[in-house]
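S.K.: Dropping in upload-v8.cif, with mmCIF, C-alpha atoms and all ligand atoms.
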```cif
data_protein
#
loop_
_atom_site.label_atom_id
_atom_site.label_comp_id
_atom_site.auth_asym_id
_atom_site.auth_seq_id
_atom_site.Cartn_x
_atom_site.Cartn_y
_atom_site.Cartn_z
CA MET P 1 -83.60 -25.31 32.01
CA LYS P 2 -83.46 -24.26 35.62
CA PRO P 3 -80.84 -26.26 37.54
CA ALA P 4 -82.49 -29.28 39.15
CA LYS P 5 -79.99 -29.29 41.96
CA ALA P 6 -81.66 -28.51 45.27
CA VAL P 7 -80.63 -29.34 48.83
CA LEU P 8 -80.43 -33.10 48.32
CA GLY P 9 -79.16 -32.98 44.73
CA GLY P 10 -76.13 -31.04 45.96
CA TYR P 11 -74.79 -34.06 47.81
CA GLY P 12 -72.46 -36.57 46.19
CA THR P 13 -73.19 -40.31 46.14
CA THR P 14 -73.12 -41.74 49.66
CA VAL P 15 -69.77 -43.14 50.76
CA PHE P 16 -71.23 -46.62 51.31
CA GLU P 17 -72.33 -46.91 47.69
CA VAL P 18 -69.07 -45.43 46.41
CA MET P 19 -66.89 -47.82 48.37
CA SER P 20 -69.03 -50.86 47.55
CA ALA P 21 -68.82 -50.01 43.83
CA LEU P 22 -65.03 -49.68 44.11
CA ALA P 23 -64.86 -53.02 45.92
CA ARG P 24 -66.89 -54.69 43.14
CA GLU P 25 -64.74 -53.11 40.45
CA HIS P 26 -61.54 -54.42 42.01
CA ARG P 27 -62.98 -57.69 43.34
CA ALA P 28 -61.94 -56.60 46.81
CA ILE P 29 -63.31 -58.05 50.05
CA ASN P 30 -65.86 -55.48 51.10
CA LEU P 31 -65.40 -54.54 54.76
CA GLY P 32 -66.78 -51.08 53.95
CA GLN P 33 -70.57 -50.98 53.83
CA GLY P 34 -72.07 -52.56 56.94
CA PHE P 35 -74.05 -55.62 55.90
CA PRO P 36 -73.69 -59.16 57.25
CA ASP P 37 -72.49 -61.99 55.03
CA GLY P 38 -75.15 -64.47 56.00
CA ASN P 39 -78.77 -64.59 54.94
CA GLY P 40 -80.38 -63.97 58.35
CA PRO P 41 -82.06 -66.54 60.62
CA ASP P 42 -83.72 -69.37 58.64
CA ASP P 43 -86.93 -69.34 60.70
CA VAL P 44 -87.45 -65.59 60.25
CA ARG P 45 -86.94 -65.91 56.50
CA ARG P 46 -89.28 -68.88 56.38
CA ARG P 47 -91.95 -66.90 58.20
CA ALA P 48 -91.65 -64.17 55.55
CA ALA P 49 -92.08 -66.75 52.79
CA GLU P 50 -95.11 -68.27 54.51
CA ALA P 51 -96.68 -64.87 55.10
CA LEU P 52 -96.30 -64.07 51.42
CA GLU P 53 -98.65 -66.99 50.76
CA ASP P 54 -100.95 -67.01 53.78
CA SER P 55 -101.43 -63.28 54.52
CA PRO P 56 -102.83 -60.40 52.47
CA ASN P 57 -100.43 -58.67 50.13
CA GLN P 58 -102.41 -55.45 49.76
CA TYR P 59 -101.66 -52.24 51.65
CA PRO P 60 -101.34 -53.00 55.34
CA PRO P 61 -102.44 -50.36 57.89
CA MET P 62 -100.43 -47.16 57.68
CA MET P 63 -99.04 -47.59 61.20
CA GLY P 64 -97.97 -51.19 60.54
CA VAL P 65 -99.60 -54.59 60.99
CA PRO P 66 -100.96 -55.02 64.54
CA GLU P 67 -98.81 -58.13 65.15
CA LEU P 68 -95.60 -56.18 64.59
CA ARG P 69 -96.70 -53.14 66.57
CA GLN P 70 -97.61 -55.47 69.46
CA ALA P 71 -94.26 -57.23 69.11
CA VAL P 72 -92.37 -53.91 69.20
CA ALA P 73 -94.24 -52.89 72.35
CA ALA P 74 -93.52 -56.28 73.98
CA HIS P 75 -89.85 -56.02 72.99
CA ASN P 76 -89.65 -52.58 74.61
CA ARG P 77 -91.06 -54.04 77.81
CA ARG P 78 -88.89 -57.17 77.80
CA PHE P 79 -85.57 -55.43 77.23
CA TYR P 80 -86.05 -51.98 78.72
CA GLY P 81 -89.07 -52.15 81.05
CA LEU P 82 -90.92 -49.60 78.91
CA ASP P 83 -94.69 -49.70 79.09
CA ILE P 84 -95.84 -48.96 75.53
CA ASP P 85 -99.36 -48.68 74.09
CA TRP P 86 -98.92 -50.51 70.77
CA GLN P 87 -101.89 -48.77 69.18
CA ARG P 88 -100.86 -45.19 69.91
CA GLU P 89 -97.10 -45.38 70.43
CA VAL P 90 -95.59 -47.66 67.77
CA MET P 91 -95.22 -47.12 64.03
CA VAL P 92 -93.59 -49.40 61.45
CA THR P 93 -91.43 -47.80 58.75
CA SER P 94 -89.48 -48.86 55.69
CA GLY P 95 -86.20 -49.16 57.52
CA ALA P 96 -84.62 -46.89 60.10
CA THR P 97 -83.74 -44.56 57.23
CA GLU P 98 -87.39 -43.82 56.62
CA ALA P 99 -88.04 -43.65 60.37
CA LEU P 100 -85.33 -40.99 60.64
CA ALA P 101 -86.75 -39.02 57.73
CA ALA P 102 -90.28 -39.21 59.14
CA CYS P 103 -89.08 -38.09 62.60
CA LEU P 104 -87.04 -35.19 61.22
CA LEU P 105 -89.54 -34.00 58.61
CA GLY P 106 -92.39 -34.49 61.07
CA LEU P 107 -90.84 -32.61 63.97
CA ILE P 108 -88.69 -29.88 62.43
CA GLU P 109 -90.14 -26.51 61.41
CA PRO P 110 -87.97 -24.34 59.13
CA GLY P 111 -85.62 -22.37 61.35
CA ASP P 112 -85.59 -24.87 64.21
CA GLU P 113 -82.18 -25.76 65.59
CA VAL P 114 -81.16 -29.41 65.63
CA VAL P 115 -78.29 -30.58 67.82
CA MET P 116 -76.30 -33.50 66.38
CA ILE P 117 -73.16 -35.29 67.46
CA GLU P 118 -70.52 -35.97 64.79
CA PRO P 119 -69.47 -38.39 63.36
CA LEU P 120 -72.86 -38.45 61.63
CA TYR P 121 -74.59 -41.26 59.77
CA ASP P 122 -74.93 -40.17 56.15
CA SER P 123 -78.66 -39.44 55.96
CA TYR P 124 -78.95 -37.18 59.04
CA LEU P 125 -77.68 -33.85 57.79
CA PRO P 126 -79.32 -33.85 54.33
CA ILE P 127 -82.74 -34.59 55.82
CA VAL P 128 -82.36 -32.03 58.61
CA ARG P 129 -81.43 -29.43 55.99
CA ARG P 130 -84.26 -30.46 53.65
CA GLY P 131 -86.62 -30.02 56.58
CA GLY P 132 -85.36 -26.47 57.06
CA GLY P 133 -83.54 -27.29 60.30
CA ILE P 134 -80.40 -25.45 61.36
CA PRO P 135 -77.74 -28.00 62.32
CA LYS P 136 -75.78 -27.37 65.52
CA LEU P 137 -72.90 -29.81 65.40
CA VAL P 138 -70.88 -31.14 68.30
CA ARG P 139 -68.06 -33.64 67.81
CA VAL P 140 -66.81 -36.73 69.48
CA GLU P 141 -63.39 -37.61 68.08
CA PRO P 142 -61.01 -40.52 67.90
CA PRO P 143 -59.21 -42.02 69.66
CA ASP P 144 -61.47 -41.88 72.74
CA TRP P 145 -64.72 -40.38 71.37
CA ARG P 146 -65.31 -38.54 74.66
CA LEU P 147 -68.53 -36.51 74.92
CA PRO P 148 -67.56 -32.79 75.01
CA ARG P 149 -70.06 -31.76 77.65
CA ALA P 150 -69.41 -28.01 77.60
CA ALA P 151 -69.69 -27.90 73.80
CA LEU P 152 -72.87 -29.95 73.88
CA GLU P 153 -74.41 -27.64 76.43
CA ALA P 154 -73.37 -24.61 74.36
CA ALA P 155 -75.06 -26.11 71.29
CA PHE P 156 -78.45 -26.02 72.99
CA SER P 157 -80.49 -22.81 72.95
CA PRO P 158 -84.13 -21.80 73.35
CA ARG P 159 -84.44 -22.44 69.59
CA THR P 160 -83.36 -26.09 69.92
CA LYS P 161 -86.17 -28.27 68.63
CA LEU P 162 -84.49 -31.60 68.96
CA LEU P 163 -81.36 -33.59 69.59
CA LEU P 164 -80.58 -36.35 67.11
CA MET P 165 -78.38 -39.00 68.65
CA ASN P 166 -77.09 -42.47 67.77
CA SER P 167 -76.13 -45.06 70.39
CA PRO P 168 -74.55 -47.54 69.86
CA MET P 169 -72.90 -45.14 67.46
CA ASN P 170 -71.83 -45.66 63.85
CA PRO P 171 -68.91 -45.42 63.01
CA SER P 172 -67.30 -44.72 66.39
CA ALA P 173 -68.64 -47.92 68.04
CA LYS P 174 -69.24 -45.78 71.13
CA VAL P 175 -72.02 -46.88 73.49
CA PHE P 176 -73.25 -43.94 75.54
CA ASP P 177 -73.20 -44.74 79.26
CA ARG P 178 -75.78 -43.79 81.84
CA ASP P 179 -73.80 -40.83 83.10
CA GLU P 180 -73.57 -39.35 79.58
CA LEU P 181 -77.25 -40.05 78.98
CA GLU P 182 -78.19 -38.31 82.23
CA PHE P 183 -76.25 -35.25 81.11
CA ILE P 184 -78.03 -35.33 77.74
CA ALA P 185 -81.46 -35.89 79.31
CA ASP P 186 -80.95 -32.87 81.56
CA LEU P 187 -80.23 -30.66 78.51
CA VAL P 188 -83.18 -32.01 76.52
CA GLU P 189 -85.50 -31.33 79.42
CA ARG P 190 -84.03 -27.95 80.34
CA TYR P 191 -84.42 -26.68 76.78
CA ASP P 192 -87.83 -28.27 76.34
CA ALA P 193 -86.62 -30.22 73.31
CA TYR P 194 -87.33 -33.60 71.70
CA ALA P 195 -84.79 -36.37 71.17
CA VAL P 196 -84.69 -38.60 68.11
CA CYS P 197 -82.73 -41.68 69.16
CA ASP P 198 -81.26 -43.89 66.43
CA GLU P 199 -80.79 -47.19 68.26
CA VAL P 200 -80.53 -49.58 65.32
CA TYR P 201 -77.55 -51.34 66.95
CA GLU P 202 -79.39 -51.81 70.26
CA HIS P 203 -78.65 -55.56 70.37
CA LEU P 204 -75.04 -55.24 69.22
CA VAL P 205 -73.22 -54.25 72.40
CA PHE P 206 -70.19 -56.13 73.67
CA ASP P 207 -68.17 -57.14 76.71
CA GLY P 208 -71.14 -57.32 79.05
CA ARG P 209 -72.25 -53.74 78.43
CA LYS P 210 -75.95 -52.92 78.30
CA HIS P 211 -77.63 -50.60 75.85
CA VAL P 212 -79.64 -47.94 77.66
CA PRO P 213 -82.29 -46.10 75.62
CA LEU P 214 -82.43 -42.39 76.44
CA MET P 215 -86.18 -42.91 76.62
CA THR P 216 -85.80 -44.89 79.86
CA LEU P 217 -84.27 -41.96 81.77
CA PRO P 218 -86.42 -39.80 84.04
CA GLY P 219 -88.30 -37.12 82.12
CA MET P 220 -87.50 -38.64 78.72
CA ARG P 221 -90.46 -40.97 78.09
CA GLY P 222 -92.58 -38.22 76.54
CA ARG P 223 -89.75 -36.48 74.65
CA CYS P 224 -88.02 -39.30 72.76
CA ALA P 225 -88.67 -41.06 69.48
CA ARG P 226 -86.77 -44.34 69.67
CA ILE P 227 -85.84 -45.99 66.36
CA GLY P 228 -85.02 -49.68 65.82
CA SER P 229 -84.29 -51.72 62.69
CA ALA P 230 -84.92 -55.35 61.81
CA GLY P 231 -82.03 -55.00 59.37
CA LYS P 232 -79.58 -54.97 62.27
CA THR P 233 -81.49 -57.06 64.79
CA PHE P 234 -82.02 -59.94 62.34
CA SER P 235 -79.03 -59.44 60.03
CA LEU P 236 -81.38 -58.75 57.12
CA THR P 237 -80.31 -55.30 55.96
CA GLY P 238 -82.10 -55.56 52.61
CA TRP P 239 -85.50 -55.91 54.22
CA LYS P 240 -85.77 -52.31 55.34
CA VAL P 241 -88.20 -52.79 58.19
CA GLY P 242 -87.86 -50.22 60.96
CA TYR P 243 -89.96 -49.12 63.92
CA VAL P 244 -90.47 -45.94 65.92
CA THR P 245 -91.62 -45.86 69.52
CA ALA P 246 -92.81 -42.51 70.90
CA ALA P 247 -95.51 -40.98 73.09
CA PRO P 248 -98.75 -40.34 71.14
CA GLU P 249 -98.22 -36.55 70.86
CA VAL P 250 -94.70 -37.11 69.51
CA LEU P 251 -95.66 -39.96 67.19
CA GLN P 252 -98.60 -38.14 65.59
CA PRO P 253 -96.58 -35.57 63.62
CA ILE P 254 -94.06 -38.30 62.72
CA ALA P 255 -96.91 -40.43 61.32
CA LYS P 256 -98.04 -37.45 59.24
CA ALA P 257 -94.65 -37.43 57.53
CA HIS P 258 -94.61 -41.23 57.15
CA GLN P 259 -97.97 -41.21 55.37
CA PHE P 260 -96.47 -39.08 52.60
CA LEU P 261 -93.10 -40.84 52.43
CA THR P 262 -93.77 -44.57 52.09
CA PHE P 263 -97.15 -44.94 53.84
CA THR P 264 -96.56 -48.68 54.37
CA THR P 265 -93.97 -51.46 54.37
CA PRO P 266 -94.31 -54.95 52.77
CA PRO P 267 -96.71 -56.90 55.01
CA ASN P 268 -95.02 -60.31 54.82
CA LEU P 269 -91.78 -58.80 56.08
CA GLN P 270 -93.67 -57.14 58.92
CA HIS P 271 -95.16 -60.51 59.97
CA ALA P 272 -91.73 -62.13 59.88
CA VAL P 273 -90.19 -59.37 62.01
CA ALA P 274 -93.05 -59.72 64.52
CA TYR P 275 -92.15 -63.40 64.73
CA GLY P 276 -88.47 -62.55 65.13
CA LEU P 277 -88.94 -60.00 67.91
CA ALA P 278 -90.70 -62.68 69.95
CA LYS P 279 -87.72 -65.05 69.80
CA ASP P 280 -86.09 -66.22 73.03
CA ASP P 281 -83.56 -64.07 74.84
CA SER P 282 -80.93 -66.54 73.67
CA TYR P 283 -81.36 -65.32 70.08
CA PHE P 284 -80.52 -61.75 71.07
CA THR P 285 -77.60 -62.65 73.33
CA GLY P 286 -76.34 -65.07 70.68
CA LEU P 287 -76.35 -62.31 68.09
CA ALA P 288 -74.15 -60.10 70.29
CA THR P 289 -71.85 -62.96 71.26
CA ALA P 290 -71.28 -63.98 67.65
CA MET P 291 -70.67 -60.39 66.57
CA GLN P 292 -68.26 -59.84 69.46
CA ALA P 293 -66.29 -62.92 68.33
CA SER P 294 -66.12 -61.45 64.82
CA ARG P 295 -64.92 -58.15 66.26
CA ASP P 296 -62.18 -59.95 68.16
CA ARG P 297 -61.18 -61.95 65.10
CA LEU P 298 -60.78 -58.87 62.93
CA ARG P 299 -59.24 -56.75 65.68
CA ASN P 300 -56.64 -59.36 66.52
CA GLY P 301 -55.82 -59.84 62.86
CA LEU P 302 -55.44 -56.12 62.28
CA GLU P 303 -53.32 -55.68 65.39
CA ARG P 304 -51.04 -58.55 64.32
CA ILE P 305 -50.40 -56.74 61.05
CA GLY P 306 -49.53 -53.56 62.94
CA PHE P 307 -52.79 -51.60 62.79
CA LYS P 308 -53.66 -49.78 65.99
CA THR P 309 -57.40 -50.23 66.54
CA LEU P 310 -59.70 -48.20 68.75
CA ASP P 311 -62.01 -49.49 71.44
CA CYS P 312 -65.16 -51.02 69.98
CA ALA P 313 -68.08 -51.26 72.40
CA GLY P 314 -70.82 -52.11 69.91
CA THR P 315 -72.16 -51.95 66.28
CA TYR P 316 -70.68 -53.69 63.23
CA PHE P 317 -67.61 -51.48 63.04
CA ILE P 318 -64.06 -51.07 64.29
CA THR P 319 -61.83 -48.07 63.61
CA ALA P 320 -58.15 -48.38 62.76
CA ASP P 321 -55.39 -45.77 62.67
CA ILE P 322 -53.72 -45.68 59.23
CA ARG P 323 -50.56 -43.99 60.55
CA SER P 324 -49.82 -47.15 62.50
CA VAL P 325 -49.08 -49.00 59.24
CA GLY P 326 -46.94 -46.16 57.97
CA PHE P 327 -49.43 -44.60 55.53
CA ASN P 328 -48.92 -40.88 55.22
CA GLY P 329 -51.79 -39.91 52.91
CA ASN P 330 -55.34 -39.32 54.05
CA ASP P 331 -58.05 -41.84 54.85
CA VAL P 332 -59.75 -41.53 51.44
CA ASP P 333 -56.47 -42.25 49.64
CA PHE P 334 -55.83 -45.11 52.03
CA CYS P 335 -59.20 -46.76 51.34
CA HIS P 336 -58.61 -46.44 47.62
CA HIS P 337 -55.06 -47.77 47.92
CA MET P 338 -56.11 -50.68 50.13
CA THR P 339 -58.93 -51.66 47.75
CA VAL P 340 -56.80 -51.57 44.64
CA GLU P 341 -53.49 -52.84 46.01
CA ALA P 342 -54.48 -55.14 48.88
CA GLY P 343 -57.97 -56.22 47.77
CA VAL P 344 -59.75 -55.11 50.95
CA THR P 345 -62.20 -52.22 51.24
CA ALA P 346 -62.96 -50.01 54.27
CA VAL P 347 -64.70 -46.65 54.69
CA PRO P 348 -62.89 -43.38 55.45
CA VAL P 349 -63.98 -41.87 58.78
CA SER P 350 -63.69 -38.32 57.37
CA ALA P 351 -66.90 -39.03 55.42
CA PHE P 352 -68.80 -38.81 58.71
CA TYR P 353 -67.59 -35.29 59.54
CA GLN P 354 -68.84 -32.13 57.83
CA ALA P 355 -65.37 -30.64 57.70
CA ALA P 356 -63.90 -33.99 56.55
CA ASP P 357 -60.96 -33.12 58.78
CA VAL P 358 -60.52 -36.36 60.72
CA THR P 359 -58.34 -38.01 58.10
CA GLN P 360 -56.26 -40.58 59.92
CA PHE P 361 -58.80 -43.32 60.58
CA VAL P 362 -60.75 -45.91 58.59
CA ARG P 363 -63.77 -48.00 59.52
CA PHE P 364 -63.81 -51.77 58.99
CA ALA P 365 -67.05 -53.79 59.15
CA PHE P 366 -66.65 -57.14 60.94
CA CYS P 367 -70.21 -58.46 60.43
CA LYS P 368 -68.75 -61.14 58.14
CA ASP P 369 -68.10 -64.88 58.06
CA ASP P 370 -64.88 -66.08 59.70
CA ALA P 371 -63.47 -67.24 56.36
CA VAL P 372 -64.05 -63.79 54.85
CA LEU P 373 -62.41 -62.03 57.78
CA ASP P 374 -59.48 -64.46 57.63
CA ASP P 375 -59.06 -63.90 53.91
CA ALA P 376 -59.14 -60.12 54.42
CA ILE P 377 -56.54 -60.35 57.17
CA ALA P 378 -54.33 -62.56 55.00
CA ARG P 379 -54.54 -60.08 52.13
CA LEU P 380 -53.72 -57.16 54.42
CA ALA P 381 -50.86 -59.08 55.99
CA ARG P 382 -49.35 -59.76 52.56
CA HIS P 383 -49.61 -56.10 51.70
CA PHE P 384 -48.65 -54.38 54.94
CA ALA P 385 -46.59 -56.94 56.82
CA ARG P 386 -43.73 -55.17 58.48
CA GLY P 387 -40.10 -55.99 57.83
N1 LIG M 1 -78.82 -45.55 61.39
C1 LIG M 1 -77.58 -46.03 61.47
C2 LIG M 1 -76.67 -45.51 62.52
C3 LIG M 1 -77.14 -47.00 60.57
O1 LIG M 1 -75.89 -47.46 60.62
C4 LIG M 1 -78.03 -47.45 59.56
C5 LIG M 1 -77.57 -48.41 58.52
N2 LIG M 1 -77.51 -49.56 58.75
C6 LIG M 1 -79.33 -46.94 59.53
C7 LIG M 1 -79.69 -45.99 60.45
C8 LIG M 1 -80.32 -47.37 58.49
O2 LIG M 1 -81.00 -48.52 58.82
P1 LIG M 1 -82.03 -49.21 57.81
O3 LIG M 1 -81.23 -50.09 56.91
O4 LIG M 1 -82.98 -49.96 58.70
O5 LIG M 1 -82.72 -48.12 57.05
N1 LIG M 2 -75.48 -48.56 57.72
C1 LIG M 2 -74.55 -49.09 56.79
C2 LIG M 2 -73.18 -48.56 57.10
O1 LIG M 2 -73.02 -47.68 57.88
C3 LIG M 2 -74.83 -48.77 55.35
C4 LIG M 2 -76.18 -48.32 54.99
C5 LIG M 2 -76.23 -47.81 53.59
O2 LIG M 2 -75.49 -48.25 52.72
N2 LIG M 2 -77.05 -46.84 53.37
O3 LIG M 2 -72.23 -49.03 56.52
#
```
Spit out the file's structure as structure tokens when you get a sec.
M.R.:
Amino acid sequence: MKPAKAVLGGYGTTVFEVMSALAREHRAINLGQGFPDGNGPDDVRRRAAEALEDSPNQYPPMMGVPELRQAVAAHNRRFYGLDIDWQREVMVTSGATEALAACLLGLIEPGDEVVMIEPLYDSYLPIVRRGGGIPKLVRVEPPDWRLPRAALEAAFSPRTKLLLMNSPMNPSAKVFDRDELEFIADLVERYDAYAVCDEVYEHLVFDGRKHVPLMTLPGMRGRCARIGSAGKTFSLTGWKVGYVTAAPEVLQPIAKAHQFLTFTTPPNLQHAVAYGLAKDDSYFTGLATAMQASRDRLRNGLERIGFKTLDCAGTYFITADIRSVGFNGNDVDFCHHMTVEAGVTAVPVSAFYQAADVTQFVRFAFCKDDAVLDDAIARLARHFARG
């Protein structure tokens, strides 16, 4: 038979699945894959259960149920002052993962150049390649994840179709500031490109920072596709409800891809997310406050053991330097060692770089209950405690 292996088949199993399987095998505490411990807000879950009974369960409209599209538009206005036409500028997807695929497959023509900033979330590069895009990679690197402006500028060319960016950024926990966004916006405009903005962690920013969507910068409203995820905003990662906001001319080709990918998303979950997006501001600030407390709990615990941790401005994740606890192998070995010997799992940061050459750092997820974080810290302390 002809080999089945094509662009996507050539990739190994994603690092999140690999590390979660290893954690299960060794009964380790899983601080690898980013999913919260809890079961999401009770009222949002209850709304989903009610909608299962009181709303239709047949195919909803391809663009999403009107209530959710209206809620996404209202959320864009409330938090970012964006004036969005819910009928022409919002589309519901099956998670941000599908939103990303629809944006990339919908906008990229074979041969188009796509600028991306490493470290990269796992699905970006395979889908860009499957779409025939030519990746132009720029890197931010630990420990400070500074934007290399000259390299970014050099990555743009007249063949640049789009920039794919992620802020707040997984796994670096970097939140792009206005000055960086202005620099990026200038390049996108100068090269007449689009920007696909993965903003799934939009409500998970810490220490009084504010998330700024690239779409809110001058000149960017008509060039950006902004992606959100109920998985992150409501701590319900298994639901896979995402949403794309973009000007009508940008959204149209994205919707063409969506209609052939999933076409729709379970309607009861859409109704529940519409309900959730309308919750008081206190829900959203409470989410960030609680997650910041979890970050502090894990960071302080790691630092007490001797881990040097990097600045964490947002997301579910904090990066730690494995040299600081005297480990001389690479990050993949370390994650394996820590799972088997200490009973705690993390994710190697090298998995987010094409060249897999950043080998000294691991990513811990802190979106967990206090007791789980405390148990993980206790296990690590027993294993690594100095002298
Ligand atoms: N983008 C980033 C940066 C992520 O970390 C994730 C995973 N949580 C996703 C997209 C995918 O989100 P979803 O689960 O909504 O598909
Ligand atoms: N976004 C999650 C993470 O970065 C995992 C998502 C997945 O497993 N595909 O850990």
S.K.: If the limit is 12 Å from any atom of ligand LIG 2 (chain M), counting all atoms listed in the file, which residues qualify? Return them as a VMD selection string.
M.R.: chain P and resid 13 to 21 30 to 36 95 to 98 119 to 124 166 169 to 173 198 to 201 229 231 to 232 235 to 238 240 315 to 318 345 to 349 351 to 352 363 to 367
S.K.: Give the answer as one residue: which of P:Arg47, P:Arg209, P:Asp83, P:Gly219 has the shortest atom-to-atom distance to Arg178 in chain P, using only C-alpha atoms?
M.R.: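 Going through P:Arg47, P:Arg209, P:Asp83, P:Gly219 one by one, the smallest distance to Arg178 in chain P is for P:Arg209.
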S.K.: Please list as a PyMOL selection string every residue within 12 Å of Gly9 in chain P, counting all atoms listed in the file and excluding residues in the same chain fewer than 5 positions away.
M.R.: chain P and resi 3-4+14+126-127+130
S.K.: Nearest to ligand LIG 1 (chain M): which of P:Val7, P:Met338, P:Ile117, P:Ala185 is it, counting all atoms listed in the file?
M.R.: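 Result for the nearest residue to ligand LIG 1 (chain M): P:Ile117.
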S.K.: For a cutoff of 10 Å around the file-coordinate point (-48.8, -55.7, 57.2), which residues qualify once you count all atoms listed in the file? I'd like the result as a PyMOL selection string.
M.R.: chain P and resi 301-307+325-326+377-387
S.K.: Using only C-alpha atoms, find the one residue out of P:Phe334, P:Phe327, P:Tyr353, P:Phe234 that sits nearest to Val44 in chain P.
M.R.: P:Phe234
S.K.: One number please: CA of Cys312 in chain P to CA of Ile29 in chain P, in Å, one decimal.
M.R.: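 CA of Ile29 in chain P lies 21.2 Å from CA of Cys312 in chain P.
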S.K.: Taking into account only C-alpha atoms, which residue in the set P:Ala51, P:Met291, P:Cys335, P:Ala154 is nearest to Asp37 in chain P?
M.R.: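 Comparing P:Ala51, P:Met291, P:Cys335, P:Ala154 against Asp37 in chain P, the winner is P:Met291.
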S.K.: Tell me, in Å to one decimal, how far CA of Leu269 in chain P is from CA of Ala290 in chain P.
M.R.: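 CA of Leu269 in chain P sits 24.1 Å away from CA of Ala290 in chain P.
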S.K.: P:Ser157, P:Gln58, P:Thr233, P:Gln70: which is nearest ligand LIG 1 (chain M), counting all atoms listed in the file?
M.R.: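 Closest to ligand LIG 1 (chain M) of all the choices is P:Thr233.
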S.K.: Pick out the closest residue to ligand LIG 1 (chain M) from this set: P:Ala342, P:Ala278, P:Met165, P:Met91. Count only C-alpha atoms and all ligand atoms.
M.R.: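 Closest residue, counting only C-alpha atoms and all ligand atoms: P:Met165.
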S.K.: One number please: CA of Ala101 in chain P to CA of Asp331 in chain P, in Å, one decimal.
M.R.: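 So the answer is 29.0 Å.
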S.K.: Could you complete range 121-134 of chain P so that it carries N, CA and C atoms, and give it back as a PDB file, in the coordinates of the input?
M.R.:
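Output saved as result_27.pdb:
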```
ATOM      1  N   TYR P 121     -74.120 -40.333  60.801  1.00  0.00           N
ATOM      2  CA  TYR P 121     -74.590 -41.260  59.770  1.00  0.00           C
ATOM      3  C   TYR P 121     -75.023 -40.442  58.546  1.00  0.00           C
ATOM      4  N   ASP P 122     -74.855 -41.002  57.366  1.00  0.00           N
ATOM      5  CA  ASP P 122     -74.930 -40.170  56.150  1.00  0.00           C
ATOM      6  C   ASP P 122     -76.254 -39.451  55.911  1.00  0.00           C
ATOM      7  N   SER P 123     -77.370 -40.048  56.320  1.00  0.00           N
ATOM      8  CA  SER P 123     -78.660 -39.440  55.960  1.00  0.00           C
ATOM      9  C   SER P 123     -79.084 -38.292  56.884  1.00  0.00           C
ATOM     10  N   TYR P 124     -78.443 -38.145  58.046  1.00  0.00           N
ATOM     11  CA  TYR P 124     -78.950 -37.180  59.040  1.00  0.00           C
ATOM     12  C   TYR P 124     -78.983 -35.738  58.512  1.00  0.00           C
ATOM     13  N   LEU P 125     -77.808 -35.271  58.106  1.00  0.00           N
ATOM     14  CA  LEU P 125     -77.680 -33.850  57.790  1.00  0.00           C
ATOM     15  C   LEU P 125     -78.519 -33.439  56.572  1.00  0.00           C
ATOM     16  N   PRO P 126     -78.494 -34.233  55.485  1.00  0.00           N
ATOM     17  CA  PRO P 126     -79.320 -33.850  54.330  1.00  0.00           C
ATOM     18  C   PRO P 126     -80.803 -33.731  54.682  1.00  0.00           C
ATOM     19  N   ILE P 127     -81.304 -34.635  55.510  1.00  0.00           N
ATOM     20  CA  ILE P 127     -82.740 -34.590  55.820  1.00  0.00           C
ATOM     21  C   ILE P 127     -83.044 -33.427  56.778  1.00  0.00           C
ATOM     22  N   VAL P 128     -82.167 -33.194  57.726  1.00  0.00           N
ATOM     23  CA  VAL P 128     -82.360 -32.030  58.610  1.00  0.00           C
ATOM     24  C   VAL P 128     -82.410 -30.758  57.768  1.00  0.00           C
ATOM     25  N   ARG P 129     -81.480 -30.638  56.827  1.00  0.00           N
ATOM     26  CA  ARG P 129     -81.430 -29.430  55.990  1.00  0.00           C
ATOM     27  C   ARG P 129     -82.669 -29.331  55.105  1.00  0.00           C
ATOM     28  N   ARG P 130     -83.071 -30.465  54.522  1.00  0.00           N
ATOM     29  CA  ARG P 130     -84.260 -30.460  53.650  1.00  0.00           C
ATOM     30  C   ARG P 130     -85.512 -30.047  54.445  1.00  0.00           C
ATOM     31  N   GLY P 131     -85.499 -30.404  55.722  1.00  0.00           N
ATOM     32  CA  GLY P 131     -86.620 -30.020  56.580  1.00  0.00           C
ATOM     33  C   GLY P 131     -86.553 -28.577  57.048  1.00  0.00           C
ATOM     34  N   GLY P 132     -85.490 -27.879  56.668  1.00  0.00           N
ATOM     35  CA  GLY P 132     -85.360 -26.470  57.060  1.00  0.00           C
ATOM     36  C   GLY P 132     -84.709 -26.288  58.426  1.00  0.00           C
ATOM     37  N   GLY P 133     -84.187 -27.377  58.993  1.00  0.00           N
ATOM     38  CA  GLY P 133     -83.540 -27.290  60.300  1.00  0.00           C
ATOM     39  C   GLY P 133     -82.168 -26.642  60.200  1.00  0.00           C
ATOM     40  N   ILE P 134     -81.743 -26.054  61.309  1.00  0.00           N
ATOM     41  CA  ILE P 134     -80.400 -25.450  61.360  1.00  0.00           C
ATOM     42  C   ILE P 134     -79.524 -26.350  62.223  1.00  0.00           C
TER      43      ILE P 134
END
```
